[in-house]
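Trainee: Here you go, run-v1.cif (mmCIF, C-alpha atoms and all ligand atoms):
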data_model
#
loop_
_atom_site.group_PDB
_atom_site.id
_atom_site.type_symbol
_atom_site.label_atom_id
_atom_site.label_comp_id
_atom_site.auth_asym_id
_atom_site.auth_seq_id
_atom_site.Cartn_x
_atom_site.Cartn_y
_atom_site.Cartn_z
ATOM 1 C CA ALA A 1 112.210 90.182 80.105
ATOM 2 C CA PRO A 2 112.787 92.842 77.468
ATOM 3 C CA ASP A 3 115.353 95.601 77.771
ATOM 4 C CA ILE A 4 113.308 98.799 78.076
ATOM 5 C CA ASP A 5 114.536 101.763 76.025
ATOM 6 C CA VAL A 6 115.344 104.513 78.515
ATOM 7 C CA ALA A 7 114.497 107.064 75.805
ATOM 8 C CA ALA A 8 110.842 106.084 76.229
ATOM 9 C CA VAL A 9 111.063 106.599 79.997
ATOM 10 C CA ARG A 10 112.690 109.993 79.472
ATOM 11 C CA ALA A 11 109.961 110.980 76.996
ATOM 12 C CA ASP A 12 107.382 110.200 79.710
ATOM 13 C CA LEU A 13 109.328 112.403 82.123
ATOM 14 C CA ALA A 14 109.339 115.225 79.589
ATOM 15 C CA ALA A 15 105.563 114.861 79.264
ATOM 16 C CA LEU A 16 105.135 115.055 83.062
ATOM 17 C CA GLN A 17 107.362 118.140 83.138
ATOM 18 C CA THR A 18 105.181 119.788 80.477
ATOM 19 C CA ILE A 19 102.063 118.882 82.489
ATOM 20 C CA ALA A 20 103.556 120.573 85.562
ATOM 21 C CA GLU A 21 104.546 123.669 83.579
ATOM 22 C CA ARG A 22 101.050 124.004 82.124
ATOM 23 C CA HIS A 23 99.418 123.696 85.555
ATOM 24 C CA GLY A 24 101.243 126.137 87.787
ATOM 25 C CA GLY A 25 104.503 124.246 88.198
ATOM 26 C CA ASP A 26 103.581 121.110 90.101
ATOM 27 C CA ARG A 27 101.613 117.861 90.103
ATOM 28 C CA ALA A 28 100.606 117.845 93.767
ATOM 29 C CA HIS A 29 97.551 116.237 95.378
ATOM 30 C CA GLY A 30 94.444 118.334 94.765
ATOM 31 C CA SER A 31 95.988 120.258 91.874
ATOM 32 C CA PRO A 32 95.042 120.191 88.181
ATOM 33 C CA GLY A 33 98.575 118.978 87.414
ATOM 34 C CA TYR A 34 97.938 115.788 89.357
ATOM 35 C CA ARG A 35 94.662 115.060 87.611
ATOM 36 C CA ALA A 36 96.311 115.739 84.211
ATOM 37 C CA SER A 37 99.101 113.291 85.124
ATOM 38 C CA VAL A 38 96.506 110.579 85.849
ATOM 39 C CA ASP A 39 94.662 111.255 82.592
ATOM 40 C CA HIS A 40 97.913 111.160 80.602
ATOM 41 C CA LEU A 41 98.930 107.732 81.920
ATOM 42 C CA LYS A 42 95.415 106.309 81.763
ATOM 43 C CA ALA A 43 95.099 107.100 78.044
ATOM 44 C CA LYS A 44 98.318 105.221 77.282
ATOM 45 C CA LEU A 45 97.310 102.200 79.372
ATOM 46 C CA ASP A 46 93.810 102.066 77.891
ATOM 47 C CA ALA A 47 95.226 102.182 74.367
ATOM 48 C CA ALA A 48 97.582 99.303 75.218
ATOM 49 C CA GLY A 49 94.740 97.046 76.359
ATOM 50 C CA PHE A 50 94.810 97.418 80.151
ATOM 51 C CA ALA A 51 91.618 97.433 82.197
ATOM 52 C CA THR A 52 91.995 100.693 84.096
ATOM 53 C CA THR A 53 90.063 102.074 87.030
ATOM 54 C CA VAL A 54 90.468 105.359 88.861
ATOM 55 C CA GLN A 55 89.940 104.991 92.607
ATOM 56 C CA ARG A 56 88.839 108.229 94.248
ATOM 57 C CA PHE A 57 89.491 109.272 97.815
ATOM 58 C CA SER A 58 89.228 112.471 99.762
ATOM 59 C CA TYR A 59 92.059 114.136 101.632
ATOM 60 C CA ASP A 60 92.394 117.638 103.079
ATOM 61 C CA GLY A 61 89.305 118.853 101.254
ATOM 62 C CA SER A 62 90.435 117.637 97.820
ATOM 63 C CA THR A 63 89.721 114.564 95.737
ATOM 64 C CA GLY A 64 92.681 112.254 95.240
ATOM 65 C CA TYR A 65 93.053 109.519 92.656
ATOM 66 C CA ASN A 66 94.787 106.163 92.409
ATOM 67 C CA LEU A 67 95.143 104.821 88.875
ATOM 68 C CA VAL A 68 94.862 101.016 88.751
ATOM 69 C CA ALA A 69 95.706 99.062 85.573
ATOM 70 C CA ASP A 70 95.012 95.338 85.384
ATOM 71 C CA TRP A 71 96.567 93.227 82.644
ATOM 72 C CA PRO A 72 93.771 90.852 81.597
ATOM 73 C CA GLY A 73 94.470 87.207 82.407
ATOM 74 C CA GLY A 74 96.584 85.308 84.888
ATOM 75 C CA ASP A 75 95.478 83.543 88.057
ATOM 76 C CA ALA A 76 93.435 86.026 90.092
ATOM 77 C CA GLU A 77 94.252 84.026 93.221
ATOM 78 C CA HIS A 78 97.884 85.098 92.789
ATOM 79 C CA VAL A 79 98.293 88.798 92.122
ATOM 80 C CA VAL A 80 101.639 90.524 91.584
ATOM 81 C CA MET A 81 101.477 94.309 91.957
ATOM 82 C CA ALA A 82 103.934 97.036 91.004
ATOM 83 C CA GLY A 83 103.307 100.661 91.940
ATOM 84 C CA SER A 84 104.681 104.159 92.344
ATOM 85 C CA HIS A 85 103.318 107.464 93.568
ATOM 86 C CA LEU A 86 102.406 109.892 90.836
ATOM 87 C CA ASP A 87 101.964 113.040 92.957
ATOM 88 C CA SER A 88 104.675 115.639 93.553
ATOM 89 C CA VAL A 89 105.091 117.937 96.522
ATOM 90 C CA PRO A 90 103.552 121.397 96.000
ATOM 91 C CA GLY A 91 105.899 123.724 94.100
ATOM 92 C CA ALA A 92 107.917 120.989 92.374
ATOM 93 C CA PRO A 93 107.433 119.241 89.035
ATOM 94 C CA GLY A 94 108.360 115.983 90.772
ATOM 95 C CA ILE A 95 110.418 114.406 88.013
ATOM 96 C CA ASN A 96 112.749 112.244 90.082
ATOM 97 C CA ASP A 97 110.213 112.156 92.960
ATOM 98 C CA ASN A 98 108.341 110.446 91.544
ATOM 99 C CA GLY A 99 107.989 110.840 87.805
ATOM 100 C CA SER A 100 110.920 108.421 87.612
ATOM 101 C CA GLY A 101 109.165 105.507 89.328
ATOM 102 C CA SER A 102 105.895 106.334 87.581
ATOM 103 C CA ALA A 103 107.438 106.433 84.103
ATOM 104 C CA ALA A 104 109.484 103.278 84.711
ATOM 105 C CA VAL A 105 106.417 101.329 85.867
ATOM 106 C CA LEU A 106 104.444 102.724 82.915
ATOM 107 C CA GLU A 107 107.042 101.591 80.375
ATOM 108 C CA VAL A 108 107.247 98.127 81.963
ATOM 109 C CA ALA A 109 103.445 97.858 81.806
ATOM 110 C CA LEU A 110 103.495 98.934 78.152
ATOM 111 C CA ALA A 111 106.219 96.342 77.480
ATOM 112 C CA VAL A 112 103.976 93.663 79.014
ATOM 113 C CA ALA A 113 101.282 94.666 76.529
ATOM 114 C CA GLU A 114 103.696 95.005 73.624
ATOM 115 C CA SER A 115 105.084 91.512 74.180
ATOM 116 C CA GLY A 116 101.620 89.996 74.595
ATOM 117 C CA LEU A 117 102.763 88.471 77.894
ATOM 118 C CA LYS A 118 100.531 85.688 79.201
ATOM 119 C CA PRO A 119 101.672 85.491 82.825
ATOM 120 C CA THR A 120 100.746 82.635 85.151
ATOM 121 C CA ARG A 121 99.847 85.126 87.877
ATOM 122 C CA HIS A 122 97.712 88.212 87.512
ATOM 123 C CA LEU A 123 99.556 91.513 87.004
ATOM 124 C CA ARG A 124 98.325 94.824 88.399
ATOM 125 C CA PHE A 125 100.098 98.180 88.071
ATOM 126 C CA VAL A 126 99.138 101.158 90.245
ATOM 127 C CA TRP A 127 99.993 104.864 90.419
ATOM 128 C CA TRP A 128 99.197 106.313 93.847
ATOM 129 C CA GLY A 129 97.844 109.708 94.795
ATOM 130 C CA ALA A 130 98.794 111.812 97.825
ATOM 131 C CA GLU A 131 101.857 109.827 98.876
ATOM 132 C CA GLU A 132 103.464 113.103 99.869
ATOM 133 C CA TYR A 133 100.815 113.627 102.565
ATOM 134 C CA GLY A 134 101.568 110.313 104.258
ATOM 135 C CA MET A 135 100.865 107.510 101.779
ATOM 136 C CA VAL A 136 97.209 108.495 101.664
ATOM 137 C CA GLY A 137 96.272 106.864 98.346
ATOM 138 C CA SER A 138 98.040 103.572 98.975
ATOM 139 C CA GLY A 139 96.685 103.492 102.526
ATOM 140 C CA HIS A 140 93.172 104.037 101.190
ATOM 141 C CA TYR A 141 93.640 101.213 98.678
ATOM 142 C CA VAL A 142 94.897 98.709 101.257
ATOM 143 C CA ASP A 143 92.202 99.730 103.772
ATOM 144 C CA GLY A 144 89.579 99.056 101.123
ATOM 145 C CA LEU A 145 90.735 95.515 100.400
ATOM 146 C CA ALA A 146 88.646 92.669 101.818
ATOM 147 C CA ALA A 147 90.698 90.125 103.772
ATOM 148 C CA ASP A 148 90.509 87.572 100.957
ATOM 149 C CA ASP A 149 91.653 90.137 98.388
ATOM 150 C CA ARG A 150 94.646 91.020 100.576
ATOM 151 C CA ALA A 151 95.514 87.339 100.806
ATOM 152 C CA ARG A 152 95.516 87.103 96.999
ATOM 153 C CA ILE A 153 98.375 89.635 96.666
ATOM 154 C CA ASP A 154 101.587 87.624 96.454
ATOM 155 C CA ALA A 155 103.840 90.675 96.288
ATOM 156 C CA TYR A 156 103.777 94.468 96.114
ATOM 157 C CA LEU A 157 106.794 96.107 94.444
ATOM 158 C CA ASN A 158 107.305 99.839 95.102
ATOM 159 C CA PHE A 159 109.297 102.319 93.033
ATOM 160 C CA ASP A 160 109.888 105.794 94.469
ATOM 161 C CA MET A 161 112.887 107.785 93.119
ATOM 162 C CA LEU A 162 114.811 105.759 90.534
ATOM 163 C CA GLY A 163 116.902 108.335 88.704
ATOM 164 C CA SER A 164 118.600 110.348 91.462
ATOM 165 C CA ARG A 165 121.311 112.522 89.933
ATOM 166 C CA ASN A 166 123.990 111.388 92.407
ATOM 167 C CA ALA A 167 122.571 107.866 92.315
ATOM 168 C CA GLY A 168 122.891 104.964 94.691
ATOM 169 C CA TYR A 169 121.480 101.487 94.097
ATOM 170 C CA PHE A 170 119.295 100.477 97.017
ATOM 171 C CA VAL A 171 117.153 97.341 97.103
ATOM 172 C CA TYR A 172 114.388 96.957 99.691
ATOM 173 C CA ASP A 173 115.408 94.232 102.122
ATOM 174 C CA ASP A 174 111.969 93.574 103.611
ATOM 175 C CA ASP A 175 111.463 90.204 101.924
ATOM 176 C CA PRO A 176 114.540 88.084 101.126
ATOM 177 C CA GLU A 177 113.068 86.395 98.036
ATOM 178 C CA LEU A 178 111.887 89.635 96.450
ATOM 179 C CA GLU A 179 115.177 91.293 97.358
ATOM 180 C CA GLU A 180 117.077 88.533 95.578
ATOM 181 C CA VAL A 181 115.088 88.930 92.359
ATOM 182 C CA PHE A 182 116.542 92.437 92.146
ATOM 183 C CA THR A 183 120.021 91.830 93.560
ATOM 184 C CA ASP A 184 120.521 88.956 91.064
ATOM 185 C CA TRP A 185 119.825 91.333 88.206
ATOM 186 C CA TYR A 186 122.406 93.909 89.383
ATOM 187 C CA ALA A 187 124.968 91.240 90.279
ATOM 188 C CA ASP A 188 124.760 89.845 86.727
ATOM 189 C CA ARG A 189 125.679 93.318 85.466
ATOM 190 C CA GLY A 190 128.416 94.016 88.001
ATOM 191 C CA VAL A 191 126.469 96.798 89.723
ATOM 192 C CA ALA A 192 126.912 96.892 93.508
ATOM 193 C CA THR A 193 123.755 97.312 95.609
ATOM 194 C CA GLU A 194 122.999 98.100 99.226
ATOM 195 C CA ALA A 195 120.016 97.197 101.357
ATOM 196 C CA GLU A 196 117.517 100.048 101.419
ATOM 197 C CA THR A 197 117.089 101.409 104.964
ATOM 198 C CA GLU A 198 116.479 105.162 104.504
ATOM 199 C CA GLY A 199 112.997 104.459 103.173
ATOM 200 C CA ASP A 200 111.551 102.274 105.906
ATOM 201 C CA GLY A 201 108.066 103.576 106.580
ATOM 202 C CA ARG A 202 108.486 106.366 104.043
ATOM 203 C CA SER A 203 106.744 105.204 100.887
ATOM 204 C CA ASP A 204 103.732 103.317 99.539
ATOM 205 C CA HIS A 205 105.015 99.849 100.389
ATOM 206 C CA THR A 206 104.362 100.623 104.063
ATOM 207 C CA PRO A 207 100.561 100.117 104.091
ATOM 208 C CA PHE A 208 101.048 96.813 102.250
ATOM 209 C CA GLN A 209 103.710 95.685 104.676
ATOM 210 C CA ASP A 210 101.524 96.650 107.630
ATOM 211 C CA ALA A 211 98.767 94.476 106.138
ATOM 212 C CA GLY A 212 101.077 91.458 106.026
ATOM 213 C CA ILE A 213 101.800 91.595 102.275
ATOM 214 C CA ARG A 214 105.315 90.855 101.040
ATOM 215 C CA VAL A 215 107.028 93.953 99.655
ATOM 216 C CA GLY A 216 110.074 94.779 97.594
ATOM 217 C CA GLY A 217 111.372 97.723 95.629
ATOM 218 C CA LEU A 218 114.163 99.962 94.414
ATOM 219 C CA PHE A 219 115.426 103.406 95.392
ATOM 220 C CA SER A 220 118.299 105.610 94.154
ATOM 221 C CA GLY A 221 118.486 107.913 97.201
ATOM 222 C CA ALA A 222 116.930 111.142 98.460
ATOM 223 C CA GLU A 223 118.305 113.869 100.763
ATOM 224 C CA THR A 224 120.991 111.820 102.527
ATOM 225 C CA ALA A 225 124.595 112.508 101.483
ATOM 226 C CA LYS A 226 126.535 109.891 99.533
ATOM 227 C CA SER A 227 129.486 108.542 101.530
ATOM 228 C CA ARG A 228 133.070 108.254 100.251
ATOM 229 C CA THR A 229 132.697 104.453 100.124
ATOM 230 C CA GLN A 230 129.499 104.777 98.119
ATOM 231 C CA ALA A 231 131.074 107.271 95.698
ATOM 232 C CA ASP A 232 133.999 104.873 95.202
ATOM 233 C CA LYS A 233 131.720 102.030 94.132
ATOM 234 C CA TRP A 234 128.979 103.964 92.331
ATOM 235 C CA GLY A 235 130.704 107.105 91.075
ATOM 236 C CA GLY A 236 129.184 110.508 91.723
ATOM 237 C CA THR A 237 130.066 112.951 94.482
ATOM 238 C CA ALA A 238 130.758 112.077 98.114
ATOM 239 C CA GLY A 239 129.328 114.453 100.692
ATOM 240 C CA ARG A 240 126.503 115.553 98.420
ATOM 241 C CA PRO A 241 122.875 114.319 98.560
ATOM 242 C CA PHE A 242 121.805 111.484 96.284
ATOM 243 C CA ASP A 243 119.119 113.856 94.996
ATOM 244 C CA PRO A 244 120.256 117.507 95.238
ATOM 245 C CA CYS A 245 116.759 118.691 94.242
ATOM 246 C CA TYR A 246 114.753 116.530 96.633
ATOM 247 C CA HIS A 247 111.323 118.168 97.176
ATOM 248 C CA SER A 248 112.559 121.293 95.370
ATOM 249 C CA SER A 249 111.423 123.234 92.341
ATOM 250 C CA CYS A 250 114.613 122.094 90.555
ATOM 251 C CA ASP A 251 113.368 118.459 90.499
ATOM 252 C CA SER A 252 112.981 118.721 86.716
ATOM 253 C CA VAL A 253 114.073 116.614 83.720
ATOM 254 C CA THR A 254 117.632 117.806 84.249
ATOM 255 C CA ASN A 255 117.573 116.300 87.765
ATOM 256 C CA ILE A 256 117.896 112.727 86.436
ATOM 257 C CA ASP A 257 120.751 110.267 86.023
ATOM 258 C CA PRO A 258 119.773 108.391 82.840
ATOM 259 C CA VAL A 259 122.045 105.442 83.645
ATOM 260 C CA ALA A 260 120.365 104.794 86.991
ATOM 261 C CA LEU A 261 116.951 105.299 85.413
ATOM 262 C CA ASP A 262 117.790 102.819 82.634
ATOM 263 C CA ARG A 263 119.143 100.140 84.954
ATOM 264 C CA ASN A 264 116.300 100.436 87.427
ATOM 265 C CA THR A 265 113.650 100.270 84.706
ATOM 266 C CA ASP A 266 115.200 97.128 83.227
ATOM 267 C CA ALA A 267 115.407 95.605 86.719
ATOM 268 C CA ILE A 268 111.675 96.209 87.193
ATOM 269 C CA ALA A 269 110.941 94.431 83.913
ATOM 270 C CA HIS A 270 113.069 91.504 85.076
ATOM 271 C CA ALA A 271 111.187 91.304 88.396
ATOM 272 C CA VAL A 272 107.748 91.610 86.804
ATOM 273 C CA TRP A 273 108.496 88.856 84.282
ATOM 274 C CA ARG A 274 110.086 86.575 86.891
ATOM 275 C CA LEU A 275 107.485 87.009 89.607
ATOM 276 C CA SER A 276 104.446 86.720 87.337
ATOM 277 C CA SER A 277 105.639 83.599 85.490
HETATM 278 N N1 LIG B 301 108.715 108.668 100.023
HETATM 279 C C1 LIG B 301 109.701 109.710 99.968
HETATM 280 C C2 LIG B 301 109.125 110.884 99.232
HETATM 281 O O1 LIG B 301 108.313 110.722 98.352
HETATM 282 C C3 LIG B 301 110.937 109.323 99.253
HETATM 283 C C4 LIG B 301 111.628 108.170 99.822
HETATM 284 C C5 LIG B 301 111.410 106.939 99.252
HETATM 285 C C6 LIG B 301 112.505 108.330 100.836
HETATM 286 C C7 LIG B 301 112.060 105.848 99.730
HETATM 287 C C8 LIG B 301 113.162 107.261 101.326
HETATM 288 C C9 LIG B 301 112.953 106.018 100.770
HETATM 289 O O2 LIG B 301 109.489 111.983 99.500
HETATM 290 CA CA CA B 302 117.204 99.661 79.081
HETATM 291 ZN ZN ZN B 303 100.525 82.939 95.460
HETATM 292 ZN ZN ZN B 304 108.618 113.019 98.031
HETATM 293 ZN ZN ZN B 305 108.518 109.884 96.643
#
As a first step, turn the structure in this file into structure tokens.
Ligand code: PHE
Ligand code: CA
Ligand code: ZN
Ligand code: ZN
Ligand code: ZN

Mentor:
Amino acid sequence: APDIDVAAVRADLAALQTIAERHGGDRAHGSPGYRASVDHLKAKLDAAGFATTVQRFSYDGSTGYNLVADWPGGDAEHVVMAGSHLDSVPGAPGINDNGSGSAAVLEVALAVAESGLKPTRHLRFVWWGAEEYGMVGSGHYVDGLAADDRARIDAYLNFDMLGSRNAGYFVYDDDPELEEVFTDWYADRGVATEAETEGDGRSDHTPFQDAGIRVGGLFSGAETAKSRTQADKWGGTAGRPFDPCYHSSCDSVTNIDPVALDRNTDAIAHAVWRLSS
């Protein structure tokens, strides 16, 4: 897998920040900032050669959107999916939560196109709407899958908060094989990881898991405080939240640890290459 330039991921975050600023300060479900975020990513994916579709759903009187990007080719009987929610909470630009996962998945998708990857399995990337209202977009997507289409999904990888300023390195432990794809990558680089437990039931992997699909993912921490032990192995500040601006208006481009963002993006590329081969 290629090493993804974190500068490209940070440029995407700057673009999402500008979108929020031009649309009243957020990118929440039902707002113009959310729709502009979808359009921004879709244009990049279309230009790179993805087959994109926008799945509409309705929630709380507003239209929500999931952006689905299929990389042409690969065995459609074996689909590997990677996704992240693109909506923010109201009143926040949503740069760590979850511009970070969205930009990382975008840059990995663009790297797939750039490298002309011809995977054995079929690759599908998705950006979910209305996660912040209870995984509404991802739930709608999974509900809409016929039983045979569900059975074709070999794995769903979820990325929600990857650049927390006081970062931890958490790997979803729901499926041992998918977990190992990630933990191998960090172990090779001498980065300690912990099993992700704070997020159980709290992000877009949950509807997939409930439907019997194998899930994995990464997380750099939200409102929980970093322990002394964790600060000793990862650096940062003990007794302070992993993300000091969680669900706040200060979740802007300055609320990002570029090292965590860089590592996590490269780990996604590794997993996408490995699992689709
Ligand atoms: N889903 C949560 C949110 O968007 C963030 C989260 C992800 C929390 C994973 C815990 C684990 O606010
Ligand atoms: Ca990198
Ligand atoms: Zn399979
Ligand atoms: Zn959130
Ligand atoms: Zn989130």

Trainee: Work out how far atom CA of A:Glu107 is from atom CA of A:Lys42, in Å to one decimal.

Mentor: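 We find that atom CA of A:Lys42 and atom CA of A:Glu107 lie 12.6 Å from each other.
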
Trainee: Hey, what comes out of the PyMOL selection byres (((chain A and resi 7) around 12) and not hetatm) on this file? Could you write it as a list of chain:residue names?

Mentor: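 For this structure, the PyMOL selection byres (((chain A and resi 7) around 12) and not hetatm) resolves to A:Asp3, A:Ile4, A:Asp5, A:Val6, A:Ala8, A:Val9, A:Arg10, A:Ala11, A:Asp12, A:Leu13, A:Ala14, A:Ala103, A:Ala104, A:Glu107, A:Pro258, A:Val259, A:Leu261, A:Asp262, A:Thr265.
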
Trainee: Could you list the protein, DNA and RNA residues that have any atom within 9 Å of ligand LIG 301 (chain B), counting only C-alpha atoms and all ligand atoms, and write them as a PyMOL selection string?

Mentor: chain A and resi 85+87-89+97-98+131-132+134-135+158-161+196-204+218-223+246-247

Trainee: Record the distance separating atom CA of A:Trp273 and atom CA of ligand CA 302 (chain B), expressed in Å with one decimal.

Mentor: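 Interatomic distance, atom CA of A:Trp273 to atom CA of ligand CA 302 (chain B): 14.8 Å.
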
Trainee: State, in Å with one decimal place, the distance from atom CA of A:Leu162 to atom CA of A:Ser249.

Mentor: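 Separation of atom CA of A:Leu162 and atom CA of A:Ser249: 17.9 Å.
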
Trainee: Using all atoms listed in the file, which residues sit within 6 Å of stretch 189-195 of chain A once same-chain residues fewer than 5 positions away are excluded, as a ChimeraX atom specification?

Mentor: /A:169-173

Trainee: Store the residues picked out above in a file with C-alpha atoms, as a JSON list (two decimals), in the coordinates of the input.

Mentor:
[["chain", "number", "residue", "atom", "x", "y", "z"],
["A", 169, "TYR", "CA", 121.48, 101.49, 94.10],
["A", 170, "PHE", "CA", 119.30, 100.48, 97.02],
["A", 171, "VAL", "CA", 117.15, 97.34, 97.10],
["A", 172, "TYR", "CA", 114.39, 96.96, 99.69],
["A", 173, "ASP", "CA", 115.41, 94.23, 102.12]]

Trainee: Which residue out of A:Leu275, A:Ile153, A:Ala260, A:Leu67 has the minimum interatomic distance to ligand CA 302 (chain B) when only C-alpha atoms and all ligand atoms are used?

Mentor: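 The closest residue to ligand CA 302 (chain B) is A:Ala260.
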
Trainee: So which residues get picked by the PyMOL selection byres (((chain A and resi 110) around 10) and not hetatm) here, written as a list in words?

Mentor: Ile4, Lys44, Leu45, Ala47, Ala48, Gly49, Phe50, Ala104, Val105, Leu106, Glu107, Val108, Ala109, Ala111, Val112, Ala113, Glu114, Ser115 and Gly116 of chain A

Trainee: Using all atoms listed in the file, pick whichever of A:Asp266, A:Asp70, A:Glu77, A:Asp26 has the shortest atom-to-atom distance to ligand ZN 303 (chain B).

Mentor: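 Using all atoms listed in the file, ligand ZN 303 (chain B) sits closest to A:Glu77.
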
Trainee: Pull the closest atom pair for each residue of chain A that gets at most 8 Å from ligand ZN 303 (chain B), along with the distance in Å to one decimal, counting only C-alpha atoms and all ligand atoms, ordering rows by chain and then ascending residue number, as a tab-separated table.

Mentor:
residue	atom	partner	partner_atom	distance
A:Glu77	CA	B:ZN303	ZN	6.7
A:His78	CA	B:ZN303	ZN	4.3
A:Val79	CA	B:ZN303	ZN	7.1
A:Arg121	CA	B:ZN303	ZN	7.9
A:Arg152	CA	B:ZN303	ZN	6.7
A:Ile153	CA	B:ZN303	ZN	7.1
A:Asp154	CA	B:ZN303	ZN	4.9

Trainee: Could you list the residues chosen by the PyMOL selection byres (((chain A and resi 69) around 7) and not hetatm) in this structure as a PyMOL selection string?

Mentor: chain A and resi 50-53+67-68+70-71+124-126

Trainee: From the list A:Asp243, A:Gly235, A:Val54, A:Ala15, which residue is nearest ligand ZN 305 (chain B) when using all atoms listed in the file?

Mentor: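 Of the candidates, the smallest distance to ligand ZN 305 (chain B) is held by A:Asp243.
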